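Colleague: Got target.cif for you, mmCIF, C-alpha atoms:
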```cif
data_query
#
loop_
_atom_site.label_atom_id
_atom_site.label_comp_id
_atom_site.auth_asym_id
_atom_site.auth_seq_id
_atom_site.Cartn_x
_atom_site.Cartn_y
_atom_site.Cartn_z
CA MET A 89 -16.63 15.59 -1.47
CA ASN A 90 -16.53 13.95 -4.88
CA ILE A 91 -13.63 11.48 -4.68
CA LYS A 92 -13.20 9.07 -7.58
CA LEU A 93 -11.21 5.88 -7.07
CA ARG A 94 -9.32 4.25 -9.92
CA LYS A 95 -7.29 1.08 -10.07
CA LEU A 96 -3.68 1.80 -11.01
CA THR A 97 -3.11 0.77 -14.63
CA PRO A 98 -0.18 1.34 -16.98
CA GLU A 99 -2.15 4.19 -18.56
CA LEU A 100 -2.11 6.03 -15.22
CA ALA A 101 1.67 5.84 -14.76
CA LYS A 102 2.17 9.57 -15.36
CA ASP A 103 -0.54 10.47 -12.83
CA TYR A 104 1.07 8.14 -10.29
CA ILE A 105 4.56 9.57 -10.80
CA ARG A 106 3.28 13.16 -10.72
CA PHE A 107 1.52 12.46 -7.41
CA PHE A 108 4.75 11.24 -5.80
CA ASP A 109 6.73 14.07 -7.43
CA THR A 110 4.47 16.71 -5.87
CA THR A 111 3.31 15.13 -2.60
CA PRO A 112 5.63 15.62 0.36
CA HIS A 113 6.38 12.68 2.61
CA ASP A 114 6.29 13.20 6.34
CA ASP A 115 9.82 14.65 6.48
CA ASN A 116 9.42 16.89 3.37
CA ILE A 117 12.83 15.82 2.08
CA ASP A 118 12.66 15.16 -1.65
CA GLU A 119 15.51 12.65 -1.53
CA ASN A 120 13.37 10.43 0.74
CA LYS A 121 10.50 10.09 -1.74
CA CYS A 122 9.80 6.38 -1.97
CA TYR A 123 7.57 6.14 -5.07
CA CYS A 124 6.35 2.99 -3.29
CA VAL A 125 8.87 0.78 -5.14
CA CYS A 126 9.78 -1.26 -2.06
CA TRP A 127 6.28 -2.78 -1.83
CA CYS A 128 5.71 -4.60 -5.10
CA ASN A 129 5.60 -8.02 -6.71
CA ASP A 130 9.19 -7.96 -7.95
CA ASP A 131 12.26 -9.50 -6.31
CA PHE A 132 14.41 -6.61 -5.12
CA GLU A 133 17.72 -8.50 -5.42
CA GLY A 134 20.05 -6.62 -7.73
CA LYS A 135 17.92 -3.45 -7.75
CA ASP A 136 19.35 -0.06 -6.77
CA PHE A 137 16.77 2.04 -4.91
CA SER A 138 19.40 4.28 -3.32
CA THR A 139 18.18 7.64 -4.68
CA ALA A 140 14.80 9.22 -5.34
CA GLU A 141 15.68 9.49 -9.03
CA LYS A 142 16.38 5.75 -9.26
CA ARG A 143 13.21 4.90 -7.32
CA ARG A 144 11.25 7.15 -9.70
CA GLU A 145 12.64 5.28 -12.73
CA TYR A 146 11.75 1.92 -11.19
CA ALA A 147 8.30 3.18 -10.26
CA TYR A 148 7.51 4.11 -13.84
CA LYS A 149 8.64 0.68 -15.07
CA TYR A 150 6.83 -1.10 -12.25
CA VAL A 151 3.52 0.64 -12.96
CA LYS A 152 3.87 -0.12 -16.67
CA ASN A 153 4.50 -3.82 -15.84
CA ASN A 154 1.86 -4.12 -13.06
CA ASN A 155 4.51 -4.76 -10.40
CA ILE A 156 3.13 -1.95 -8.23
CA GLN A 157 -0.59 -2.37 -7.74
CA GLY A 158 -3.20 -0.38 -5.92
CA TYR A 159 -5.71 2.42 -6.18
CA LEU A 160 -5.52 6.15 -6.79
CA ALA A 161 -7.99 8.66 -5.32
CA TYR A 162 -8.83 11.63 -7.55
CA TYR A 163 -10.39 14.94 -6.55
CA ASP A 164 -11.06 17.51 -9.29
CA ASP A 165 -9.13 15.30 -11.74
CA LYS A 166 -6.02 15.42 -9.57
CA VAL A 167 -4.57 12.49 -7.60
CA VAL A 168 -4.92 13.15 -3.88
CA GLY A 169 -4.40 9.66 -2.47
CA TRP A 170 -2.76 6.30 -3.03
CA CYS A 171 -3.18 2.85 -1.49
CA ASN A 172 -0.63 0.14 -2.34
CA VAL A 173 -2.22 -3.34 -2.40
CA ASN A 174 -1.13 -6.58 -3.94
CA THR A 175 -1.51 -10.33 -3.60
CA LYS A 176 0.43 -11.18 -0.45
CA SER A 177 2.10 -14.32 -1.85
CA ASP A 178 3.44 -12.31 -4.81
CA CYS A 179 5.25 -9.77 -2.62
CA LEU A 180 7.33 -11.88 -0.27
CA LYS A 181 10.54 -11.07 -2.17
CA CYS A 182 10.12 -7.30 -2.28
CA GLU A 183 12.53 -5.15 -0.29
CA SER A 184 10.13 -3.96 2.39
CA TRP A 185 8.69 -7.41 3.07
CA ARG A 186 12.18 -8.83 3.56
CA LYS A 187 13.30 -5.88 5.70
CA PHE A 188 10.27 -5.30 7.88
CA MET A 189 7.94 -8.28 7.63
CA SER A 190 10.17 -11.36 7.78
CA ASP A 191 8.63 -12.32 11.14
CA ALA A 192 5.04 -11.98 9.88
CA PRO A 193 3.17 -15.24 9.33
CA ILE A 194 2.71 -16.44 5.77
CA GLU A 195 0.41 -19.06 4.38
CA ASP A 196 1.73 -22.51 3.60
CA ALA A 197 2.73 -22.82 -0.07
CA SER A 198 0.03 -25.46 -0.58
CA SER A 199 -2.68 -23.24 0.95
CA ILE A 200 -5.59 -22.23 -1.21
CA VAL A 201 -6.26 -19.17 0.96
CA LYS A 202 -5.96 -15.97 -1.10
CA VAL A 203 -4.80 -12.87 0.78
CA LYS A 204 -4.75 -9.31 -0.54
CA SER A 205 -2.22 -7.17 1.36
CA VAL A 206 -2.59 -3.46 2.10
CA PHE A 207 0.95 -2.12 2.34
CA CYS A 208 0.65 1.64 2.59
CA PHE A 209 -1.28 4.86 2.06
CA VAL A 210 -0.10 8.26 0.89
CA ILE A 211 -2.58 11.11 1.13
CA ALA A 212 -1.95 14.67 -0.08
CA PRO A 213 -1.51 16.97 2.94
CA LYS A 214 -4.61 19.10 2.22
CA MET A 215 -6.76 15.96 1.97
CA ARG A 216 -5.70 14.26 5.20
CA ARG A 217 -8.32 13.63 7.89
CA LYS A 218 -11.10 13.79 5.29
CA GLY A 219 -11.74 10.04 4.98
CA VAL A 220 -9.75 9.43 1.78
CA ALA A 221 -7.77 6.52 3.24
CA THR A 222 -10.97 4.93 4.56
CA LEU A 223 -12.61 5.24 1.13
CA LEU A 224 -9.58 3.60 -0.44
CA LEU A 225 -9.57 0.78 2.13
CA LYS A 226 -13.27 0.05 1.62
CA HIS A 227 -12.73 0.01 -2.13
CA VAL A 228 -9.82 -2.43 -1.73
CA CYS A 229 -12.03 -4.79 0.29
CA GLU A 230 -14.92 -4.62 -2.17
CA ASN A 231 -12.68 -5.35 -5.14
CA ALA A 232 -10.76 -8.11 -3.34
CA ALA A 233 -14.07 -9.83 -2.55
CA LYS A 234 -15.13 -9.59 -6.21
CA ASP A 235 -11.75 -11.02 -7.25
CA GLY A 236 -12.19 -14.10 -5.03
CA PHE A 237 -9.83 -13.25 -2.17
CA ASP A 238 -10.51 -14.78 1.25
CA PHE A 239 -8.94 -12.01 3.34
CA VAL A 240 -7.58 -8.49 3.16
CA GLU A 241 -4.58 -8.11 5.45
CA ALA A 242 -2.83 -4.98 6.77
CA TYR A 243 0.26 -4.31 8.90
CA PRO A 244 -0.11 -1.17 11.05
CA TYR A 245 2.50 -0.32 13.65
CA LYS A 246 1.58 -0.77 17.32
CA GLU A 247 3.10 2.52 18.42
CA PRO A 248 1.29 5.64 17.18
CA THR A 249 4.59 7.44 16.61
CA PHE A 250 5.41 4.99 13.83
CA GLN A 251 2.04 5.05 12.11
CA SER A 252 2.23 8.44 10.44
CA SER A 253 5.79 8.03 9.23
CA ASP A 254 5.33 4.56 7.75
CA PHE A 255 2.01 5.12 6.00
CA ALA A 256 0.77 1.72 7.21
CA GLY A 257 -2.57 3.14 8.27
CA TYR A 258 -4.12 3.40 11.70
CA VAL A 259 -5.35 0.49 13.79
CA GLU A 260 -8.64 2.29 14.51
CA MET A 261 -9.34 2.81 10.81
CA TYR A 262 -8.92 -0.91 10.18
CA LYS A 263 -11.15 -1.80 13.13
CA ARG A 264 -13.89 0.55 11.86
CA CYS A 265 -13.71 -1.26 8.51
CA GLY A 266 -14.17 -4.71 10.08
CA PHE A 267 -10.56 -5.83 10.54
CA TYR A 268 -9.38 -7.78 13.58
CA VAL A 269 -5.89 -8.52 14.94
CA SER A 270 -4.99 -12.00 13.70
CA SER A 271 -1.39 -12.00 15.00
CA GLU A 272 1.42 -9.61 15.80
CA THR A 273 5.15 -9.05 15.55
CA ASP A 274 7.29 -7.00 17.91
CA GLN A 275 6.34 -3.73 16.18
CA ARG A 276 3.26 -4.47 14.09
CA PHE A 277 -0.22 -5.90 14.27
CA ILE A 278 -1.27 -8.19 11.45
CA MET A 279 -4.91 -7.27 10.92
CA ARG A 280 -7.33 -9.15 8.71
CA LYS A 281 -10.80 -8.78 7.31
CA ARG A 282 -12.58 -11.96 6.24
CA LEU A 283 -14.28 -11.59 2.88
CA LYS A 284 -16.01 -14.97 2.55
#
```
Represent the structure contained in this file as structure tokens.
Modeller:
Amino acid sequence: MNIKLRKLTPELAKDYIRFFDTTPHDDNIDENKCYCVCWCNDDFEGKDFSTAEKRREYAYKYVKNNNIQGYLAYYDDKVVGWCNVNTKSDCLKCESWRKFMSDAPIEDASSIVKVKSVFCFVIAPKMRRKGVATLLLKHVCENAAKDGFDFVEAYPYKEPTFQSSDFAGYVEMYKRCGFYVSSETDQRFIMRKRLK
């Protein structure tokens, strides 16, 4: 399968939006489309993400301003997968971090350790179970190493029933790619891969 991976850039904003417009989430309810705006490097205070339409508008702005970062997977010139990644320290004020990750450990402000966070995956239904997420994860790790990061970190749920609905990825996928459990919260594992 000829999958091409591309870093999300402002020029790819329309591809990104089209992918979320046309790719069903696990409940197939259009109003629940996230457009991945809750995992970004912008403070969510004062933002209104209450409808899919509003999240779509923010997503377009966020991609144009590099607030949402990650990689798109293309097959036959069509986006079939997405992985949201960003510098961990830049995302501590986003909505999802504050809602779901407030009990996750963070580095001391004076730390020189650089951590790239993997927040979520979205894979087109026809492309699931074909290794697209694994390709994206390996690509994230390769690029993070080139960019001087010390670790790539991910936050999969402990319970399998949560994993598919949250798009956090599967523990076994991370283990196969060299990640280990560095700590845990009540619901999640914090998994890391050392790059240096």
Colleague: The PyMOL selection byres ((chain A and resi 229) around 12) - which residues does that actually catch in the file I just gave you? List them as JSON, numbers by chain.
Modeller: {"A": [158, 159, 171, 173, 174, 203, 204, 205, 206, 222, 223, 224, 225, 226, 227, 228, 230, 231, 232, 233, 234, 235, 236, 237, 238, 239, 240, 241, 242, 262, 265, 266, 267, 280, 281, 282, 283, 284]}
Colleague: Which residues, written as a list of chain:residue names, have at least one atom at most 9 Å from A:Trp185, with all atoms listed in the file counted and residues fewer than 5 positions away on the same chain left out?
Modeller: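 The neighbour list is A:Cys126, A:Trp127, A:Cys179, A:Leu180, A:Ser190, A:Ala192.
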Colleague: Which residue, A:Asp178, A:Lys214, A:Met189, A:Pro244, has the smallest gap to A:Lys202 when you use only C-alpha atoms?
Modeller: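 Closest candidate: A:Asp178.
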Colleague: Looking at only C-alpha atoms, which of A:Cys128, A:Ala161, A:Ile200, A:Val259 is the one that sits closest to A:Met89?
Modeller: A:Ala161
Colleague: Near stretch 133-142 of chain A, within 12 Å and counting all atoms listed in the file, which residues show up once chain neighbours fewer than 6 positions away are dropped, as a ChimeraX atom specification?
Modeller: /A:105,108-109,117-127,148-149,181-184,186
Colleague: Mind pulling up the distance from atom CA of A:Ala212 to atom CA of A:Leu100?
Modeller: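 Rounded to one decimal, the two atoms are 17.4 Å apart.
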Colleague: Between atom CA of A:Gly169 and atom CA of A:Ala221, what is the spacing in Å?
Modeller: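 Value for the atom CA of A:Ala221-atom CA of A:Gly169 distance: 7.3 Å.
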Colleague: Evaluated on this file, the PyMOL selection byres ((chain A and resi 210) around 6) picks out some residues - which ones are they, written as JSON, numbers by chain?
Modeller: {"A": [169, 170, 209, 211]}
Colleague: So how far away is atom CA of A:Ser271 from atom CA of A:Lys246, in Å?
Modeller: 11.8 Å
Colleague: Considering only C-alpha atoms, return as a list of chain:residue names whatever protein or nucleic-acid residues lie within 10 Å of A:Glu99, sequence-local ones (same chain, fewer than 4 positions apart) excluded.
Modeller: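 Counting only the stated atoms, we get A:Asp103, A:Tyr104, A:Val151, A:Lys152.
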Colleague: Near A:Asp164, within 12 Å and counting all atoms listed in the file, which residues show up once chain neighbours fewer than 6 positions away are dropped, as a ChimeraX atom specification?
Modeller: /A:89-93
Colleague: I'd like the neighbourhood of A:Phe188 as a tab-separated table (two decimals) with C-alpha atoms, in the coordinates of the input, where a residue qualifies if any of its atoms comes within 10 Å (using all atoms listed in the file), though same-chain residues fewer than 6 positions away should be ignored.
Modeller:
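Contents of result_36.tsv, freshly written:
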```tsv
chain	number	residue	atom	x	y	z
A	273	THR	CA	5.15	-9.05	15.55
A	275	GLN	CA	6.34	-3.73	16.18
A	276	ARG	CA	3.26	-4.47	14.09
```
Colleague: For A:Glu260, which residue out of A:Ala101, A:Asp274, A:Met279, A:Ser177 is the nearest one, using only C-alpha atoms?
Modeller: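 So, comparing all the options, the nearest one is A:Met279.
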Colleague: When distances are computed from all atoms listed in the file, which of A:Val167, A:Leu96, A:Val201, A:Ile278 shows the smallest separation from A:Asn155?
Modeller: A:Leu96
Colleague: Could you check the closest approach to A:Lys166 for each of A:Thr111, A:Thr97, A:Asn129, A:Ser270 and tell me which residue wins, using all atoms listed in the file?
Modeller: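 Nearest to A:Lys166: A:Thr111.
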